[in-house]
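Text of the file my_file.txt, holding compact mmCIF, C-alpha atoms:
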# COMPACT_ATOMS: atom_id res chain seq x y z
CA MET M 1 0.00 0.00 0.00
CA ASN M 2 1.23 3.48 -0.90
CA GLU M 3 1.67 5.37 2.38
CA LYS M 4 2.59 8.73 0.87
CA ILE M 5 0.48 11.69 1.92
CA VAL M 6 -1.26 13.42 -0.99
CA MET M 7 -2.80 16.90 -0.71
CA VAL M 8 -5.37 18.37 -3.08
CA SER M 9 -7.43 21.54 -2.81
CA GLY M 10 -10.53 22.94 -4.41
CA CYS M 11 -14.10 24.11 -4.13
CA TYR M 12 -15.97 20.82 -4.83
CA ASP M 13 -19.26 22.68 -4.81
CA LEU M 14 -21.11 20.78 -7.54
CA LEU M 15 -19.63 17.30 -7.12
CA HIS M 16 -19.53 15.45 -10.45
CA ALA M 17 -17.87 12.55 -12.27
CA GLY M 18 -14.83 14.66 -13.16
CA HIS M 19 -14.10 15.21 -9.47
CA ILE M 20 -14.39 11.49 -8.75
CA ALA M 21 -12.06 10.57 -11.64
CA PHE M 22 -9.50 13.11 -10.42
CA LEU M 23 -9.63 11.87 -6.82
CA LYS M 24 -9.42 8.25 -7.97
CA THR M 25 -6.21 9.04 -9.87
CA ALA M 26 -4.85 11.06 -6.94
CA ALA M 27 -5.48 8.10 -4.63
CA SER M 28 -3.14 5.98 -6.75
CA TYR M 29 -0.28 8.18 -5.47
CA GLY M 30 -1.10 7.80 -1.77
CA LYS M 31 -3.57 8.76 0.95
CA VAL M 32 -5.59 11.75 -0.24
CA HIS M 33 -6.32 14.73 2.00
CA VAL M 34 -8.72 17.22 0.41
CA TYR M 35 -8.74 20.86 1.54
CA LEU M 36 -11.93 22.69 0.59
CA GLY M 37 -12.28 26.46 0.45
CA GLN M 38 -14.19 28.24 3.19
CA ASP M 39 -17.57 29.67 2.21
CA LYS M 40 -16.35 33.22 2.84
CA ASN M 41 -13.24 32.66 0.71
CA LEU M 42 -15.24 31.29 -2.22
CA GLU M 43 -17.56 34.30 -1.99
CA LEU M 44 -14.51 36.58 -1.94
CA LEU M 45 -12.91 34.92 -4.99
CA LYS M 46 -15.99 34.17 -7.07
CA GLY M 47 -18.27 37.00 -6.06
CA LYS M 48 -21.08 34.73 -4.83
CA VAL M 49 -21.74 32.13 -2.15
CA PRO M 50 -21.29 28.44 -3.04
CA TYR M 51 -24.31 26.25 -3.76
CA PHE M 52 -23.46 24.03 -0.79
CA THR M 53 -22.03 25.12 2.57
CA GLN M 54 -18.51 24.16 3.57
CA LYS M 55 -19.91 21.67 6.07
CA GLU M 56 -21.97 19.93 3.35
CA ARG M 57 -19.10 19.94 0.88
CA MET M 58 -16.71 18.47 3.44
CA TYR M 59 -19.23 15.74 4.27
CA MET M 60 -19.77 14.76 0.62
CA VAL M 61 -16.09 14.71 -0.30
CA GLY M 62 -15.10 12.95 2.91
CA ALA M 63 -17.61 10.17 2.19
CA LEU M 64 -15.80 9.19 -1.03
CA LYS M 65 -13.75 5.99 -0.83
CA TYR M 66 -10.79 7.63 -2.56
CA VAL M 67 -10.45 10.27 0.17
CA GLU M 68 -8.59 9.64 3.40
CA GLU M 69 -9.81 12.87 5.03
CA ALA M 70 -11.58 16.08 3.99
CA HIS M 71 -10.77 19.40 5.67
CA ILE M 72 -11.70 23.06 5.40
CA SER M 73 -8.75 25.23 4.40
CA THR M 74 -7.81 27.69 7.11
CA GLY M 75 -6.35 30.41 4.86
CA LEU M 76 -7.81 32.92 2.44
CA GLY M 77 -7.11 33.84 -1.17
CA MET M 78 -6.10 31.69 -4.12
CA LEU M 79 -3.62 29.78 -1.93
CA ASP M 80 -5.99 29.30 0.98
CA PHE M 81 -4.43 25.90 1.78
CA GLU M 82 -0.95 27.38 2.36
CA PRO M 83 -1.03 27.26 6.20
CA ASP M 84 -2.49 23.74 6.04
CA MET M 85 0.33 22.49 3.80
CA LYS M 86 2.83 23.56 6.44
CA ILE M 87 0.94 21.54 9.07
CA LEU M 88 0.12 18.44 6.97
CA LYS M 89 3.57 18.27 5.36
CA PRO M 90 2.38 16.20 2.38
CA ASP M 91 4.73 14.29 0.10
CA ILE M 92 2.76 15.24 -3.00
CA PHE M 93 0.41 18.05 -4.06
CA ILE M 94 -1.80 17.23 -7.06
CA VAL M 95 -3.73 19.63 -9.33
CA ASN M 96 -5.56 19.37 -12.64
CA SER M 97 -3.88 21.13 -15.56
CA ASP M 98 -6.50 23.89 -15.55
CA GLY M 99 -5.97 24.41 -11.81
CA TYR M 100 -2.19 24.83 -12.06
CA THR M 101 -0.75 28.25 -11.19
CA SER M 102 2.75 29.57 -10.71
CA GLY M 103 1.77 30.36 -7.12
CA LYS M 104 1.06 26.69 -6.40
CA LYS M 105 4.37 25.70 -7.98
CA ARG M 106 6.22 28.23 -5.83
CA LEU M 107 4.48 27.07 -2.66
CA CYS M 108 5.37 23.43 -3.31
CA GLU M 109 9.01 24.33 -3.96
CA GLU M 110 9.19 26.36 -0.74
CA ASN M 111 7.80 23.44 1.28
CA GLY M 112 9.70 20.62 -0.43
CA VAL M 113 6.50 19.06 -1.81
CA GLU M 114 6.38 17.21 -5.13
CA LEU M 115 3.92 18.85 -7.53
CA ILE M 116 2.02 16.59 -9.93
CA VAL M 117 -0.19 18.09 -12.65
CA LEU M 118 -2.87 15.78 -14.07
CA GLU M 119 -4.67 16.18 -17.35
CA ARG M 120 -8.46 16.21 -17.09
CA ILE M 121 -9.20 12.64 -18.24
CA PRO M 122 -12.70 11.29 -17.56
CA GLU M 123 -13.52 7.75 -16.48
CA GLU M 124 -13.77 5.49 -19.52
CA GLY M 125 -17.14 5.87 -21.22
CA LEU M 126 -18.02 9.11 -19.41
CA PRO M 127 -17.80 12.71 -20.70
CA ALA M 128 -15.24 15.15 -19.31
CA ARG M 129 -16.81 17.32 -16.61
CA SER M 130 -15.87 20.37 -14.59
CA SER M 131 -18.09 22.36 -12.23
CA SER M 132 -17.26 25.70 -13.81
CA ASP M 133 -17.74 24.48 -17.36
CA SER M 134 -21.02 22.78 -16.47
CA LYS M 135 -22.38 26.10 -15.20
CA MET M 136 -20.75 28.30 -17.84
CA GLU M 137 -21.25 26.48 -21.12
CA THR M 138 -24.93 27.30 -21.45
CA LYS M 139 -24.86 30.82 -20.04
CA PHE M 140 -24.45 34.08 -21.92
CA PRO M 141 -20.85 35.41 -21.68
CA TYR M 142 -19.58 38.78 -20.53
CA ARG M 143 -16.88 40.87 -22.19
CA VAL M 144 -14.03 42.97 -20.88
CA CYS M 145 -12.40 45.89 -22.69
CA LEU M 146 -8.65 45.94 -21.96
CA ALA M 147 -7.48 48.93 -24.01
CA GLY M 148 -8.63 51.50 -26.54
CA GLY M 149 -12.16 51.89 -25.23
CA TRP M 150 -14.26 54.67 -26.89
CA MET M 151 -12.50 54.17 -30.24
CA ASP M 152 -15.69 52.43 -31.41
CA GLN M 153 -17.50 55.76 -31.35
CA PRO M 154 -17.22 57.59 -34.74
CA TRP M 155 -16.89 60.96 -33.03
CA VAL M 156 -13.63 59.59 -31.58
CA SER M 157 -12.09 57.46 -34.35
CA GLU M 158 -12.89 60.00 -37.06
CA LYS M 159 -10.17 62.14 -35.48
CA TYR M 160 -7.61 59.33 -35.82
CA PRO M 161 -8.00 55.58 -36.47
CA GLY M 162 -7.11 53.10 -33.76
CA SER M 163 -7.77 49.83 -32.00
CA VAL M 164 -9.88 48.45 -29.18
CA VAL M 165 -9.00 45.15 -27.47
CA VAL M 166 -11.84 43.09 -26.00
CA ALA M 167 -12.04 39.57 -24.62
CA GLN M 168 -15.03 37.28 -24.19
CA ILE M 169 -15.19 35.87 -20.67
CA TRP M 170 -17.12 33.04 -19.10
CA PRO M 171 -19.84 34.11 -16.63
CA THR M 172 -18.03 32.77 -13.56
CA ILE M 173 -19.57 35.59 -11.50
CA ASP M 174 -22.46 38.00 -11.94
CA PHE M 175 -20.80 41.34 -12.64
CA ASN M 176 -22.38 44.51 -11.30
CA ASP M 177 -24.50 46.70 -13.56
CA ARG M 178 -23.12 50.12 -14.57
CA SER M 179 -19.60 48.75 -14.24
CA GLY M 180 -18.39 48.69 -17.83
CA MET M 181 -18.84 44.95 -18.34
CA ALA M 182 -21.38 45.38 -21.19
CA THR M 183 -24.23 44.29 -18.89
CA SER M 184 -26.80 46.39 -20.79
CA SER M 185 -25.88 44.78 -24.12
CA ARG M 186 -25.78 41.39 -22.42
CA LYS M 187 -29.35 41.85 -21.18
CA VAL M 188 -30.50 42.59 -24.74
CA GLY M 189 -28.71 39.43 -25.87
CA ILE M 190 -30.49 37.40 -23.22
CA GLU M 191 -33.81 38.83 -24.45
CA LEU M 192 -32.92 37.59 -27.94
CA TRP M 193 -31.47 34.17 -27.17
CA GLY M 194 -32.18 33.47 -23.51
CA ASP M 195 -29.42 33.08 -20.93
CA LYS M 196 -27.29 30.90 -23.18
CA TYR M 197 -24.55 31.38 -25.74
CA PRO M 198 -26.28 31.42 -29.15
CA GLU M 199 -25.48 29.04 -31.96
CA GLY M 200 -24.43 30.26 -35.40
CA ASN M 201 -21.76 32.60 -36.72
CA PRO M 202 -20.48 34.70 -33.77
CA LEU M 203 -19.80 37.81 -35.84
CA ARG M 204 -23.25 37.65 -37.46
CA ASN M 205 -24.78 37.30 -34.01
CA ALA M 206 -22.80 40.36 -32.91
CA GLU M 207 -24.30 42.31 -35.82
CA LEU M 208 -27.79 41.19 -34.79
CA LEU M 209 -27.17 42.26 -31.19
CA PHE M 210 -25.80 45.64 -32.33
CA GLY M 211 -28.95 46.22 -34.38
CA ALA M 212 -31.26 45.10 -31.57
CA GLU M 213 -29.70 47.46 -29.04
CA ASN M 214 -29.49 50.37 -31.48
CA PRO M 215 -32.82 50.56 -33.35
CA PRO M 216 -33.48 53.48 -35.73
CA GLY M 217 -33.86 56.74 -33.87
CA SER M 218 -31.60 55.81 -30.95
CA GLU M 219 -30.21 58.94 -29.31
CA TYR M 220 -27.05 57.19 -28.16
CA ILE M 221 -25.46 54.33 -30.14
CA SER M 222 -24.01 51.60 -27.97
CA GLY M 223 -20.54 50.76 -29.24
CA SER M 224 -20.01 47.65 -31.33
CA GLN M 225 -17.03 46.59 -29.22
CA ASP M 226 -19.58 45.51 -26.59
CA HIS M 227 -21.45 43.24 -29.00
CA ILE M 228 -18.36 41.78 -30.64
CA GLY M 229 -16.72 41.21 -27.25
CA LEU M 230 -19.80 39.43 -25.94
CA LEU M 231 -20.23 37.09 -28.90
CA VAL M 232 -16.83 36.47 -30.52
CA PRO M 233 -14.69 33.97 -28.54
CA GLY M 234 -11.15 34.76 -27.52
CA ILE M 235 -9.33 38.09 -27.55
CA SER M 236 -10.17 40.48 -30.39
CA ARG M 237 -8.45 43.55 -31.78
CA LEU M 238 -11.02 45.83 -33.43
CA ASP M 239 -9.68 48.53 -35.73
CA TYR M 240 -11.95 51.60 -36.09
CA ASN M 241 -11.73 54.44 -38.60
CA GLY M 242 -14.68 56.78 -38.18
CA ASN M 243 -17.43 54.13 -38.33
CA PHE M 244 -19.61 52.33 -35.82
CA TRP M 245 -18.38 48.93 -37.05
CA PRO M 246 -14.65 48.07 -37.20
CA ASP M 247 -12.87 48.00 -40.55
CA HIS M 248 -10.78 45.03 -39.46
CA ILE M 249 -10.99 42.36 -36.76
CA GLU M 250 -8.15 40.12 -35.61
CA THR M 251 -8.75 37.43 -33.00
CA ILE M 252 -6.60 35.20 -30.77
CA ILE M 253 -8.33 31.98 -29.71
CA ASP M 254 -5.52 29.54 -28.91
CA ASN M 255 -5.74 27.88 -25.51
CA GLU M 256 -2.23 28.83 -24.38
CA THR M 257 -2.66 32.59 -24.86
CA CYS M 258 -6.21 32.71 -23.50
CA ASN M 259 -5.18 30.71 -20.42
CA TRP M 260 -2.17 32.99 -19.90
CA LEU M 261 -4.36 36.09 -19.98
CA SER M 262 -6.90 34.43 -17.68
CA GLY M 263 -4.10 33.74 -15.21
CA VAL M 264 -2.67 37.25 -15.05
CA LEU M 265 -5.80 39.43 -15.08
CA HIS M 266 -7.15 40.57 -11.71
CA PHE M 267 -10.37 42.48 -11.04
CA ALA M 268 -10.65 44.60 -7.89
CA PRO M 269 -14.21 45.82 -7.25
CA LEU M 270 -14.97 49.54 -7.10
CA GLN M 271 -18.39 51.05 -6.60
CA PRO M 272 -20.51 51.11 -9.80
CA ARG M 273 -20.96 54.51 -11.43
CA PRO M 274 -23.93 56.38 -9.96
CA GLU M 275 -27.35 56.07 -11.59
CA GLY M 276 -27.77 58.73 -14.28
CA TYR M 277 -24.06 59.59 -14.35
CA ASN M 278 -23.02 61.04 -17.72
CA PRO M 279 -19.34 60.22 -18.43
CA ILE M 280 -19.27 62.11 -21.76
CA LEU M 281 -20.69 65.38 -20.49
CA LYS M 282 -17.27 66.99 -20.97
CA LYS M 283 -15.23 66.16 -24.09
CA ASN M 284 -11.77 67.03 -25.32
CA ILE M 285 -11.60 65.05 -28.56
CA ASP M 286 -8.13 66.10 -29.65
CA LYS M 287 -6.38 64.24 -32.48
CA THR M 288 -3.20 63.74 -30.45
CA ILE M 289 -5.09 62.22 -27.53
CA VAL M 290 -7.18 59.97 -29.78
CA LYS M 291 -3.98 58.75 -31.43
CA GLU M 292 -2.57 57.84 -28.00
CA LEU M 293 -5.78 55.97 -27.20
CA GLY M 294 -5.86 54.00 -30.44
CA LYS M 295 -2.16 53.13 -30.23
CA SER M 296 -2.65 51.78 -26.71
CA GLY M 297 -5.07 49.23 -28.18
CA GLU M 298 -2.48 48.14 -30.74
CA LYS M 299 0.13 47.85 -27.98
CA CYS M 300 -2.25 45.80 -25.81
CA PHE M 301 -2.89 43.25 -28.55
CA GLU M 302 0.84 42.97 -29.22
CA ALA M 303 1.47 42.43 -25.50
CA ILE M 304 -1.09 39.64 -25.31
CA SER M 305 0.30 38.01 -28.46
CA LYS M 306 3.78 38.01 -26.86
CA LYS M 307 2.47 37.19 -23.35
CA ASP M 308 4.34 40.27 -22.14
CA ILE M 309 2.87 41.32 -18.79
CA GLN M 310 4.92 44.54 -18.59
CA LEU M 311 3.72 45.70 -22.00
CA LEU M 312 0.17 44.68 -21.17
CA GLY M 313 0.07 46.84 -18.05
CA GLU M 314 1.62 49.79 -19.87
CA SER M 315 -1.04 49.66 -22.59
CA MET M 316 -3.85 49.55 -20.03
CA LYS M 317 -2.40 52.53 -18.16
CA GLU M 318 -2.00 54.48 -21.42
CA THR M 319 -5.68 53.92 -22.23
CA PHE M 320 -6.70 55.06 -18.75
CA LEU M 321 -4.61 58.24 -18.94
CA ALA M 322 -5.95 59.01 -22.43
CA TRP M 323 -9.49 58.70 -21.07
CA ASP M 324 -8.64 61.18 -18.33
CA LYS M 325 -7.52 63.75 -20.91
CA MET M 326 -10.21 63.06 -23.51
CA LEU M 327 -13.29 62.42 -21.33
CA PRO M 328 -12.38 63.62 -17.82
CA TYR M 329 -15.71 62.58 -16.30
CA THR M 330 -14.82 58.95 -17.04
CA VAL M 331 -12.03 59.28 -14.44
CA PRO M 332 -13.35 61.02 -11.30
CA ASP M 333 -10.76 62.36 -8.87
CA TRP M 334 -11.37 59.60 -6.34
CA ILE M 335 -10.63 56.91 -8.94
CA MET M 336 -7.45 58.65 -10.11
CA GLU M 337 -6.28 58.86 -6.50
CA GLU M 338 -7.06 55.16 -6.02
CA MET M 339 -5.05 54.23 -9.13
CA GLN M 340 -2.08 56.44 -8.28
CA THR M 341 -1.97 55.19 -4.68
CA ASN M 342 -2.78 51.48 -4.89
CA TYR M 343 -2.12 50.29 -8.44
CA PHE M 344 0.31 52.30 -10.57
CA PRO M 345 3.16 52.04 -8.00
CA LEU M 346 2.69 48.26 -7.59
CA TYR M 347 1.88 46.96 -11.07
CA SER M 348 2.96 47.64 -14.65
CA GLY M 349 -0.38 49.37 -15.22
CA ALA M 350 -4.11 49.26 -14.61
CA ILE M 351 -7.40 50.37 -16.09
CA THR M 352 -10.98 50.67 -14.91
CA SER M 353 -13.68 48.54 -16.51
CA GLY M 354 -16.24 51.32 -16.58
CA ALA M 355 -16.57 55.07 -16.91
CA GLY M 356 -16.77 56.42 -13.37
CA GLY M 357 -16.67 53.09 -11.54
CA GLY M 358 -16.80 49.33 -11.91
CA TYR M 359 -13.63 47.32 -11.39
CA VAL M 360 -9.92 48.06 -11.44
CA ILE M 361 -8.31 45.61 -13.88
CA PHE M 362 -4.57 45.01 -13.65
CA PRO M 363 -2.07 42.30 -14.62
CA SER M 364 -0.06 40.35 -12.05
CA GLU M 365 1.57 36.94 -12.13
CA LYS M 366 1.14 36.71 -8.36
CA ASP M 367 -2.08 35.92 -6.50
CA VAL M 368 -3.71 39.07 -5.11
CA VAL M 369 -6.06 38.69 -2.16
CA GLY M 370 -9.45 40.36 -2.60
CA THR M 371 -9.46 40.29 -6.39
CA ILE M 372 -11.57 38.34 -8.86
CA ASN M 373 -10.10 36.17 -11.62
CA VAL M 374 -11.84 35.61 -14.93
CA LYS M 375 -11.63 32.89 -17.56
CA ILE M 376 -11.25 33.90 -21.20
CA ARG M 377 -13.51 31.82 -23.43
CA HIS M 378 -11.61 30.16 -26.27
Would you mind writing the structure in this file as structure tokens?
Amino acid sequence: MNEKIVMVSGCYDLLHAGHIAFLKTAASYGKVHVYLGQDKNLELLKGKVPYFTQKERMYMVGALKYVEEAHISTGLGMLDFEPDMKILKPDIFIVNSDGYTSGKKRLCEENGVELIVLERIPEEGLPARSSSDSKMETKFPYRVCLAGGWMDQPWVSEKYPGSVVVAQIWPTIDFNDRSGMATSSRKVGIELWGDKYPEGNPLRNAELLFGAENPPGSEYISGSQDHIGLLVPGISRLDYNGNFWPDHIETIIDNETCNWLSGVLHFAPLQPRPEGYNPILKKNIDKTIVKELGKSGEKCFEAISKKDIQLLGESMKETFLAWDKMLPYTVPDWIMEEMQTNYFPLYSGAITSGAGGGYVIFPSEKDVVGTINVKIRH
């Protein structure tokens, strides 16, 4: 009998066949100790409470024959099991490939623990399952704008052409309204197709959504970057030149790049912009500023293509500073102070998701307590 001590961690909220297959394989390496995230930590990381309480989850996992013992992790954050690893002193720590992070690798090295990364292989004859995918696959996505925002408005890009970078993200949490996450456009999409990702050509669906949200006579035209970001998988560079629809679209959908971006993006919640707030009440649409904005989008897409976290942060910061000059109401004084105090000195750059509120988005290869991670859909 293998007497080695094996440690695994996770949420195990919606227990399914994929979990059982993983734990069965883990048990072949030794006696498995499962550390489950506290309810308050899962709410902190995911933005909502788990379906089952920590007591219920520990009971269900502990009842499995492949598990020696189930425990509740005592720490917080992405590495909530860190203090427990020091106490348990396992021989091996095992993760699935999609659960691997550089932080887990570092922690194992610091504690002299062997790290084993398993591919997600289902039991023979059964489909591959994951809790997050089971919940996400049928739901309507969100989108995040990483650089170049506002270039999709003709009154901006007619001054100078430039790029917007958007990414389609799985609905792992329910993002706040009025926070720049295209929630208004998303609601129109749900009216059209229900709360599920629609079948058919993604770009054609984006055109349909753009038309549905902007019927003839609309006083304000919602930008097409919202609709393309919501419906086109992966990371898209949208090149605008004085029109509502981009002249050119380039998209990255490979797993490696999308997973890299998912791993380095962090969202720190701010308050949503106030009801009725008008971020474009004051405009300074200067050609030089618009050029800076559009170039930041080009730089962002290049950074993502190269997986260059320094360049990525710089492009996000350049977009944010261009907003401040071009549309000063999009960057209230309290947000600028927050960025200059808590983000610009610590990271290569940062941006806000919305005009006047929402989330601070910044890149970091390290885990950051209190932030939300997203998963790029590819």
For the point (-8.2, 51.0, -38.4) in file coordinates, what residues are within 10 Å, counting all atoms listed in the file? Give the answer as a PyMOL selection string?
chain M and resi 151+157+160-164+237-243+246-249+294+298
Taking the point (-18.9, 25.6, 1.7) as given in the file, collect each protein or nucleic acid residue that comes within 9 Å of it, counting all atoms listed in the file, and present the set as a PyMOL selection string.
chain M and resi 11-13+36-40+42+49-58+72
CA of Ala167 in chain M to CA of Arg377 in chain M, distance in Å rounded to a single decimal
8.0 Å
Using only C-alpha atoms, which of M:Pro141, M:Gly103, M:Ser236, M:Trp245 sits nearest Gly194 in chain M?
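Of M:Pro141, M:Gly103, M:Ser236, M:Trp245, the one nearest Gly194 in chain M, counting only C-alpha atoms, is M:Pro141.
Comparing the minimum interatomic distances between Ile235 in chain M and each of M:Met181, M:Cys300, M:Ile190, M:Ile173, counting only C-alpha atoms, we find that M:Cys300 sits nearest.
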At what distance in Å, to one decimal, does CA of Phe362 in chain M lie from CA of Glu207 in chain M?
29.8 Å
Selected residue, from M:Glu250, M:Asp177, M:Glu314, M:Asp84, that lies nearest to Ser353 in chain M when counting only C-alpha atoms:
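Between M:Glu250, M:Asp177, M:Glu314, M:Asp84, the residue approaching Ser353 in chain M most closely is M:Asp177.
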Tell me, as a PyMOL selection string, which residues lie within 12 Å of Glu275 in chain M, counting only C-alpha atoms; anything in the same chain fewer than 2 positions away does not count.
chain M and resi 177-179+271-273+277-279+356-357
For the selection just defined, write its residues with C-alpha atoms to a file, as a PDB file, in the coordinates of the input.
ATOM      1  CA  ASP M 177     -24.500  46.700 -13.560  1.00  0.00           C
ATOM      2  CA  ARG M 178     -23.120  50.120 -14.570  1.00  0.00           C
ATOM      3  CA  SER M 179     -19.600  48.750 -14.240  1.00  0.00           C
ATOM      4  CA  GLN M 271     -18.390  51.050  -6.600  1.00  0.00           C
ATOM      5  CA  PRO M 272     -20.510  51.110  -9.800  1.00  0.00           C
ATOM      6  CA  ARG M 273     -20.960  54.510 -11.430  1.00  0.00           C
ATOM      7  CA  TYR M 277     -24.060  59.590 -14.350  1.00  0.00           C
ATOM      8  CA  ASN M 278     -23.020  61.040 -17.720  1.00  0.00           C
ATOM      9  CA  PRO M 279     -19.340  60.220 -18.430  1.00  0.00           C
ATOM     10  CA  GLY M 356     -16.770  56.420 -13.370  1.00  0.00           C
ATOM     11  CA  GLY M 357     -16.670  53.090 -11.540  1.00  0.00           C
TER      12      GLY M 357
END
Please, what distance in Å, to one decimal, runs between CA of Asp226 in chain M and CA of Ser296 in chain M?
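That distance, rounded to one decimal, is 18.1 Å.
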Go through M:Leu146, M:Cys108, M:Val61, M:Val8 and flag the residue nearest Val95 in chain M, using all atoms listed in the file for the distances.
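Among the listed residues, the smallest separation from Val95 in chain M belongs to M:Val8.
Summary of the local environment: counting all atoms listed in the file, residues at most 7 Å from Pro233 in chain M, other than itself and those fewer than 5 positions away along its chain, are Gln168, Ile253, Arg377 and His378 of chain M.
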